[in-house]
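*Asks:* What follows is structure_34.tsv; its format and atoms are TSV, C-alpha atoms.
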chain	number	residue	atom	x	y	z
A	1	MET	CA	0.00	0.00	0.00
A	2	LEU	CA	2.90	2.36	0.66
A	3	ARG	CA	4.02	2.09	-2.96
A	4	ASP	CA	0.53	3.08	-4.10
A	5	ILE	CA	0.93	6.68	-2.88
A	6	THR	CA	1.43	8.82	-6.00
A	7	ILE	CA	1.65	12.31	-4.45
A	8	GLY	CA	5.23	13.57	-4.86
A	9	GLN	CA	6.08	11.38	-7.85
A	10	TYR	CA	6.79	12.73	-11.34
A	11	ILE	CA	6.21	11.00	-14.68
A	12	PRO	CA	7.92	12.63	-17.71
A	13	GLY	CA	5.67	13.36	-20.65
A	14	GLU	CA	4.72	15.75	-23.43
A	15	SER	CA	1.05	16.19	-22.63
A	16	ALA	CA	-0.83	19.48	-22.51
A	17	LEU	CA	-0.64	19.45	-18.70
A	18	HIS	CA	3.11	18.83	-18.71
A	19	LYS	CA	3.65	21.89	-20.91
A	20	LEU	CA	1.63	24.28	-18.76
A	21	ASP	CA	3.40	26.87	-16.64
A	22	PRO	CA	3.64	25.69	-12.99
A	23	ARG	CA	1.96	28.91	-11.80
A	24	THR	CA	-0.99	28.11	-14.04
A	25	LYS	CA	-1.29	24.61	-12.59
A	26	LEU	CA	-1.03	25.79	-8.98
A	27	ILE	CA	-3.70	28.46	-9.41
A	28	ALA	CA	-5.87	26.08	-11.44
A	29	VAL	CA	-5.74	23.48	-8.65
A	30	VAL	CA	-6.99	26.10	-6.16
A	31	LEU	CA	-9.81	27.19	-8.50
A	32	TYR	CA	-10.71	23.54	-9.14
A	33	MET	CA	-11.04	22.97	-5.39
A	34	VAL	CA	-13.34	25.98	-5.11
A	35	GLY	CA	-15.52	24.64	-7.91
A	36	LEU	CA	-15.50	21.16	-6.37
A	37	PHE	CA	-16.63	22.41	-2.96
A	38	MET	CA	-19.35	24.48	-4.61
A	39	ALA	CA	-21.02	21.36	-6.05
A	40	ASN	CA	-23.82	20.13	-3.80
A	41	ASN	CA	-26.21	18.25	-6.11
A	42	TRP	CA	-26.14	15.40	-8.62
A	43	GLN	CA	-25.94	17.74	-11.60
A	44	GLY	CA	-22.99	19.59	-10.10
A	45	TYR	CA	-21.04	16.42	-9.33
A	46	LEU	CA	-21.79	15.01	-12.78
A	47	PHE	CA	-20.31	18.18	-14.27
A	48	VAL	CA	-17.25	17.95	-11.99
A	49	THR	CA	-16.81	14.29	-12.97
A	50	LEU	CA	-16.83	15.11	-16.69
A	51	VAL	CA	-14.30	17.93	-16.21
A	52	THR	CA	-12.06	15.68	-14.08
A	53	LEU	CA	-12.14	12.94	-16.73
A	54	GLY	CA	-11.22	15.56	-19.35
A	55	ILE	CA	-8.23	16.68	-17.26
A	56	LEU	CA	-7.12	13.06	-16.86
A	57	PHE	CA	-7.32	12.59	-20.62
A	58	LEU	CA	-5.20	15.70	-21.25
A	59	SER	CA	-2.56	14.57	-18.76
A	60	GLN	CA	-1.95	11.27	-20.60
A	61	ILE	CA	-1.19	9.65	-17.24
A	62	PRO	CA	-2.21	5.96	-17.22
A	63	LEU	CA	-5.49	5.42	-15.41
A	64	LEU	CA	-4.02	2.54	-13.39
A	65	ILE	CA	-1.54	4.94	-11.76
A	66	ILE	CA	-4.37	7.30	-10.78
A	67	LEU	CA	-6.45	4.45	-9.36
A	68	ARG	CA	-3.42	3.16	-7.48
A	69	GLY	CA	-3.10	6.54	-5.77
A	70	ILE	CA	-6.70	6.29	-4.52
A	71	LYS	CA	-6.18	2.84	-3.01
A	72	PRO	CA	-4.48	4.01	0.25
A	73	LEU	CA	-7.51	6.24	0.95
A	74	MET	CA	-10.11	3.47	0.76
A	75	ILE	CA	-10.29	3.11	4.55
A	76	ILE	CA	-10.82	6.87	5.03
A	77	ILE	CA	-13.36	6.98	2.18
A	78	THR	CA	-15.27	3.99	3.57
A	79	LEU	CA	-15.30	5.50	7.08
A	80	THR	CA	-16.49	8.86	5.74
A	81	VAL	CA	-19.31	7.29	3.74
A	82	GLY	CA	-20.38	5.16	6.72
A	83	LEU	CA	-20.47	8.10	9.13
A	84	HIS	CA	-22.58	10.22	6.78
A	85	ILE	CA	-24.93	7.38	5.89
A	86	PHE	CA	-25.74	6.41	9.48
A	87	LEU	CA	-25.49	9.80	11.23
A	88	THR	CA	-27.06	12.22	8.74
A	89	LYS	CA	-30.84	12.42	9.04
A	90	GLY	CA	-33.41	13.89	6.71
A	91	GLY	CA	-35.31	12.93	3.61
A	92	VAL	CA	-36.94	9.60	2.88
A	93	LEU	CA	-36.14	6.66	5.17
A	94	LEU	CA	-34.51	4.09	2.85
A	95	TRP	CA	-33.55	1.30	5.27
A	96	GLU	CA	-34.04	0.49	8.94
A	97	TRP	CA	-32.72	-2.25	11.20
A	98	GLY	CA	-32.78	-1.80	14.96
A	99	ILE	CA	-30.94	1.39	15.87
A	100	PHE	CA	-29.52	1.76	12.36
A	101	HIS	CA	-31.34	4.02	9.91
A	102	ILE	CA	-30.33	5.12	6.43
A	103	TYR	CA	-31.94	8.28	5.11
A	104	GLU	CA	-31.86	9.77	1.64
A	105	ASN	CA	-29.85	12.80	2.77
A	106	GLY	CA	-27.27	10.63	4.54
A	107	LEU	CA	-26.72	8.42	1.49
A	108	ARG	CA	-26.40	11.46	-0.77
A	109	GLN	CA	-23.96	13.26	1.53
A	110	GLY	CA	-21.87	10.10	1.93
A	111	ILE	CA	-21.51	9.67	-1.83
A	112	PHE	CA	-20.75	13.36	-2.32
A	113	MET	CA	-18.02	13.38	0.35
A	114	ALA	CA	-16.45	10.22	-1.10
A	115	LEU	CA	-16.35	11.77	-4.57
A	116	ARG	CA	-14.90	14.97	-3.14
A	117	LEU	CA	-12.04	13.10	-1.45
A	118	VAL	CA	-11.32	11.06	-4.59
A	119	TYR	CA	-11.25	14.11	-6.86
A	120	LEU	CA	-9.00	16.05	-4.46
A	121	VAL	CA	-6.47	13.22	-4.43
A	122	VAL	CA	-6.64	12.83	-8.22
A	123	ILE	CA	-6.04	16.52	-8.97
A	124	THR	CA	-3.31	16.87	-6.33
A	125	SER	CA	-1.57	13.79	-7.69
A	126	LEU	CA	-1.77	15.13	-11.25
A	127	LEU	CA	-0.04	18.33	-10.12
A	128	THR	CA	3.06	16.46	-8.96
A	129	LEU	CA	2.86	13.75	-11.64
A	130	THR	CA	3.11	16.38	-14.40
A	131	THR	CA	5.47	18.90	-12.74
A	132	THR	CA	9.08	18.42	-11.66
A	133	PRO	CA	9.96	19.50	-8.10
A	134	ILE	CA	12.35	22.22	-9.32
A	135	VAL	CA	9.79	23.78	-11.65
A	136	LEU	CA	7.13	23.49	-8.94
A	137	THR	CA	9.41	25.36	-6.53
A	138	ASP	CA	9.97	28.18	-9.03
A	139	GLY	CA	6.26	28.52	-9.73
A	140	LEU	CA	5.31	28.52	-6.06
A	141	GLU	CA	8.01	31.08	-5.29
A	142	ARG	CA	6.78	33.40	-8.05
A	143	ILE	CA	3.22	33.22	-6.70
A	144	LEU	CA	4.33	33.92	-3.13
A	145	ARG	CA	6.44	36.88	-4.28
A	146	ALA	CA	3.45	38.25	-6.17
A	147	LEU	CA	1.54	38.08	-2.87
A	148	PHE	CA	4.38	40.05	-1.17
A	149	VAL	CA	5.38	37.19	1.13
A	150	PRO	CA	8.78	38.21	2.60
A	151	ILE	CA	10.28	34.69	2.80
A	152	ALA	CA	8.78	33.39	-0.43
A	153	HIS	CA	11.82	31.41	-1.55
A	154	GLU	CA	12.30	29.68	1.81
A	155	LEU	CA	8.63	28.71	2.07
A	156	ALA	CA	8.56	27.39	-1.49
A	157	MET	CA	11.74	25.39	-0.89
A	158	ILE	CA	10.41	23.85	2.34
A	159	MET	CA	7.08	22.86	0.80
A	160	THR	CA	8.66	21.40	-2.32
A	161	ILE	CA	11.29	19.42	-0.40
A	162	ALA	CA	8.52	17.99	1.78
A	163	ILE	CA	6.59	16.85	-1.31
A	164	ARG	CA	9.74	15.60	-3.01
A	165	PHE	CA	10.72	13.36	-0.10
A	166	ILE	CA	7.35	11.61	0.18
A	167	PRO	CA	8.35	8.89	-2.34
A	168	THR	CA	11.79	8.62	-0.68
A	169	LEU	CA	10.27	8.08	2.76
A	170	ILE	CA	7.83	5.53	1.33
A	171	GLU	CA	10.69	3.58	-0.24
A	172	GLU	CA	12.68	3.80	3.01
A	173	THR	CA	9.68	2.53	5.00
A	174	ASP	CA	9.24	-0.40	2.64
A	175	LYS	CA	12.90	-1.39	2.98
A	176	ILE	CA	12.79	-1.20	6.79
A	177	MET	CA	9.57	-3.26	6.92
A	178	LYS	CA	11.09	-5.99	4.76
A	179	ALA	CA	14.26	-6.00	6.89
A	180	GLN	CA	12.23	-6.26	10.11
A	181	MET	CA	10.02	-9.00	8.65
A	182	ALA	CA	13.15	-10.95	7.70
A	183	ARG	CA	14.12	-10.75	11.39
A	184	GLY	CA	10.75	-12.15	12.48
A	185	ALA	CA	8.66	-8.99	12.94
A	186	ASP	CA	4.92	-9.36	12.35
A	187	PHE	CA	2.92	-6.31	11.24
A	188	ASP	CA	-0.30	-8.05	10.11
A	189	THR	CA	-1.59	-10.17	12.98
A	190	GLY	CA	-2.91	-9.37	16.45
A	191	GLY	CA	-5.25	-6.72	17.78
A	192	LEU	CA	-5.04	-2.97	17.37
A	193	LEU	CA	-2.76	-2.51	20.41
A	194	GLN	CA	-0.48	-5.34	19.31
A	195	ARG	CA	-0.15	-3.88	15.80
A	196	ALA	CA	0.64	-0.46	17.26
A	197	LYS	CA	3.43	-1.98	19.37
A	198	SER	CA	4.82	-3.82	16.35
A	199	LEU	CA	5.30	-0.47	14.57
A	200	ILE	CA	7.92	0.68	17.11
A	201	PRO	CA	10.78	-1.25	15.41
A	202	LEU	CA	9.69	0.46	12.19
A	203	LEU	CA	9.28	4.04	13.40
A	204	VAL	CA	12.55	4.35	15.29
A	205	PRO	CA	14.90	3.60	12.34
A	206	LEU	CA	12.61	5.56	10.02
A	207	PHE	CA	12.92	8.71	12.15
A	208	LEU	CA	16.67	8.24	12.51
A	209	ASN	CA	17.13	7.83	8.76
A	210	SER	CA	14.92	10.87	8.09
A	211	PHE	CA	16.98	13.09	10.43
A	212	ARG	CA	20.20	11.74	8.91
A	213	ARG	CA	18.92	12.44	5.39
A	214	ALA	CA	17.88	15.97	6.37
A	215	ASP	CA	21.32	16.62	7.88
A	216	ASP	CA	23.04	15.34	4.71
A	217	LEU	CA	20.83	17.59	2.59
A	218	ALA	CA	21.68	20.63	4.74
A	219	LEU	CA	25.42	19.89	4.50
A	220	ALA	CA	25.18	19.46	0.73
A	221	MET	CA	23.36	22.81	0.37
A	222	GLU	CA	25.95	24.57	2.53
A	223	ALA	CA	28.82	22.98	0.58
A	224	ARG	CA	27.33	24.46	-2.60
A	225	CYS	CA	27.14	27.91	-0.96
A	226	TYR	CA	23.36	27.96	-0.87
A	227	ARG	CA	22.13	31.33	0.36
A	228	GLY	CA	18.40	31.13	-0.27
A	229	GLY	CA	16.87	33.31	-2.94
A	230	GLU	CA	19.49	36.04	-2.66
A	231	LYS	CA	20.93	36.84	-6.12
A	232	ARG	CA	19.83	33.45	-7.36
A	233	THR	CA	19.67	32.85	-11.12
A	234	ARG	CA	17.63	30.24	-12.98
A	235	MET	CA	18.56	28.22	-16.01
A	236	ARG	CA	14.91	28.08	-17.13
A	237	GLN	CA	12.82	31.23	-17.03
A	238	LEU	CA	9.08	30.78	-16.56
A	239	ALA	CA	6.86	32.31	-19.22
A	240	MET	CA	3.14	31.94	-19.78
A	241	GLY	CA	1.79	31.35	-23.28
A	242	GLY	CA	-1.46	30.89	-25.11
A	243	ARG	CA	-2.14	27.48	-23.59
A	244	ASP	CA	-1.90	29.00	-20.09
A	245	ILE	CA	-4.48	31.68	-20.97
A	246	LEU	CA	-6.75	28.95	-22.35
A	247	ALA	CA	-6.30	26.95	-19.15
A	248	PHE	CA	-7.23	29.98	-17.01
A	249	VAL	CA	-10.34	30.62	-19.09
A	250	THR	CA	-11.36	26.96	-18.89
A	251	ILE	CA	-10.89	26.58	-15.14
A	252	GLY	CA	-12.59	29.95	-14.58
A	253	LEU	CA	-15.62	28.79	-16.54
A	254	PHE	CA	-15.58	25.54	-14.59
A	255	MET	CA	-15.69	27.38	-11.27
A	256	LEU	CA	-18.39	29.78	-12.50
A	257	ILE	CA	-20.62	26.97	-13.79
A	258	SER	CA	-20.15	25.03	-10.53
A	259	ILE	CA	-21.30	28.08	-8.55
A	260	LEU	CA	-24.32	28.62	-10.85
A	261	MET	CA	-25.31	24.93	-10.60
A	262	ARG	CA	-25.25	25.10	-6.80
A	263	SER	CA	-28.78	24.72	-5.44
Please go through the file and, once you have read it, give me the structure as structure tokens.
*Replies:*
Amino acid sequence: MLRDITIGQYIPGESALHKLDPRTKLIAVVLYMVGLFMANNWQGYLFVTLVTLGILFLSQIPLLIILRGIKPLMIIITLTVGLHIFLTKGGVLLWEWGIFHIYENGLRQGIFMALRLVYLVVITSLLTLTTTPIVLTDGLERILRALFVPIAHELAMIMTIAIRFIPTLIEETDKIMKAQMARGADFDTGGLLQRAKSLIPLLVPLFLNSFRRADDLALAMEARCYRGGEKRTRMRQLAMGGRDILAFVTIGLFMLISILMRS
């Protein structure tokens, strides 16, 4: 399941999404989230679904990779749907058994929340799958500077390094788990308390390796005379083109239509 997490990974490509300016993609993700949270009926979510499928088609990312990224969230999605189904009242009573009741409003809200979580993961994954960490850092820094954030470069660097090291930490966790299992550790059997205790041999070396990796990264940056954004030059200059304007118009229309379709 750890290898199924796609956030932080990058897949090279020549799709329309790969060629967009990183600032366009970052702003478009925010506008997409606004449009997604505006949807509150079946028509709105059908429209969001069609737009999301169109974005997936433009990205040219294999569907199996996208579905693999949703797999780790199945427990959270199932729990969310269950809580809304059994705790939300209102509408027509659809099913009843003892103290358990399922109402129309609860079923609808459960499905809507599940779709919302899935679409958020899909769009966030597409952002990192189609954008390299370096380009993402430059785009985020430009946006923060436009908002007059005083430590824009440092914030962009911290956020991008955090995203970049997600796949590294996942790979490190997988290696440690296999090493511990070879020594007789059992992570799959026993009750909840027993499983929590079995994670201690996993967490301790993981934290130590993470701190060691962070220290090595800091030493490498200092050895290369890294001084933040001060007088820093870039090999690739960001520039928006016609496809970026088209993307802004499209995502703006998406958000506007989602707001108008809200009941």
*Asks:* Which residue gives the smallest distance to A:Ala16 among A:Leu256, A:Leu246, A:Met157, A:Leu208, with only C-alpha atoms counted?
*Replies:* A:Leu246
*Asks:* Within 10 Å of A:Ile55, counting only C-alpha atoms, which residues qualify if same-chain residues fewer than 3 places away don't, as JSON, numbers by chain?
*Replies:* {"A": [16, 17, 49, 50, 51, 52, 58, 59, 60, 61, 122, 123, 126]}
*Asks:* At what distance in Å, to one decimal, does atom CA of A:Arg108 lie from atom CA of A:Asn41?
*Replies:*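 Interatomic distance, atom CA of A:Asn41 to atom CA of A:Arg108: 8.6 Å.
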*Asks:* At a cut-off of 12 Å, can you tabulate as JSON lines every residue of stretch 119-237 of chain A near stretch 71-89 of chain A together with its closest atom pair and the distance in Å to one decimal, using only C-alpha atoms and ordering rows by chain then number?
*Replies:*
{"residue": "A:Tyr119", "atom": "CA", "partner": "A:Leu73", "partner_atom": "CA", "distance": 11.7}
{"residue": "A:Leu120", "atom": "CA", "partner": "A:Leu73", "partner_atom": "CA", "distance": 11.3}
{"residue": "A:Val121", "atom": "CA", "partner": "A:Leu73", "partner_atom": "CA", "distance": 8.9}
{"residue": "A:Val122", "atom": "CA", "partner": "A:Lys71", "partner_atom": "CA", "distance": 11.3}
*Asks:* What does the file look like for those residues with C-alpha atoms, as an mmCIF file, in the coordinates of the input?
*Replies:*
data_model
loop_
_atom_site.group_PDB
_atom_site.id
_atom_site.type_symbol
_atom_site.label_atom_id
_atom_site.label_comp_id
_atom_site.auth_asym_id
_atom_site.auth_seq_id
_atom_site.Cartn_x
_atom_site.Cartn_y
_atom_site.Cartn_z
ATOM 1 C CA TYR A 119 -11.250 14.110 -6.860
ATOM 2 C CA LEU A 120 -9.000 16.050 -4.460
ATOM 3 C CA VAL A 121 -6.470 13.220 -4.430
ATOM 4 C CA VAL A 122 -6.640 12.830 -8.220
#
*Asks:* Quick one: pull the distance between atom CA of A:Lys178 and atom CA of A:Phe207, Å, one decimal.
*Replies:*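 So the answer is 16.6 Å.
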*Asks:* Pick the closest to A:Asp138 from A:Leu117, A:Ala247, A:Leu206, A:Leu26: which is it, counting only C-alpha atoms?
*Replies:*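 Counting only C-alpha atoms, the residue closest to A:Asp138 is A:Leu26.
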*Asks:* Leaving out A:Phe254 and any residue of its chain fewer than 2 positions from it, which residues lie within 8 Å of it when counting only C-alpha atoms, given as number ranges by chain?
*Replies:* A: 32, 35, 51, 250-252, 256-258
*Asks:* Based on the selection just made, write C-alpha atoms of those residues as a tab-separated table (two decimals), keeping the file's coordinate frame.
*Replies:*
chain	number	residue	atom	x	y	z
A	32	TYR	CA	-10.71	23.54	-9.14
A	35	GLY	CA	-15.52	24.64	-7.91
A	51	VAL	CA	-14.30	17.93	-16.21
A	250	THR	CA	-11.36	26.96	-18.89
A	251	ILE	CA	-10.89	26.58	-15.14
A	252	GLY	CA	-12.59	29.95	-14.58
A	256	LEU	CA	-18.39	29.78	-12.50
A	257	ILE	CA	-20.62	26.97	-13.79
A	258	SER	CA	-20.15	25.03	-10.53
*Asks:* Between A:Pro133, A:Leu127, A:Arg262, A:Asn40, which is the closest to A:Ala162 once you count all atoms listed in the file?
*Replies:*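 Looking only at the distances to A:Ala162, the closest residue turns out to be A:Pro133.
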*Asks:* Show me, as a PyMOL selection string, the residues that have an atom within 12 Å of A:Thr137 when counting only C-alpha atoms, minus same-chain residues fewer than 3 positions from it.
*Replies:* chain A and resi 21-23+26+128+131-134+140-144+152-164+229+234+238
*Asks:* Have a look at A:Gln180, A:Thr173, A:Gln9, A:Thr189 and name the one nearest to A:Ser210; count only C-alpha atoms.
*Replies:* A:Thr173
*Asks:* Ranking A:Pro201, A:Arg224, A:Trp42, A:Pro150 by minimum distance to A:Ile111 and counting all atoms listed in the file, which one comes first?
*Replies:* A:Trp42
*Asks:* Could you jot down the atom CA of A:Lys175 to atom CA of A:Ile65 separation for me, Å, one decimal place?
*Replies:*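 Atom CA of A:Ile65 lies 21.6 Å from atom CA of A:Lys175.
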*Asks:* Of the residues A:Val135, A:Lys197, A:Phe37, A:Asn209, which is the one nearest to A:Lys25, using only C-alpha atoms?
*Replies:*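 When distances to A:Lys25 are compared using only C-alpha atoms, the smallest one comes from A:Val135.
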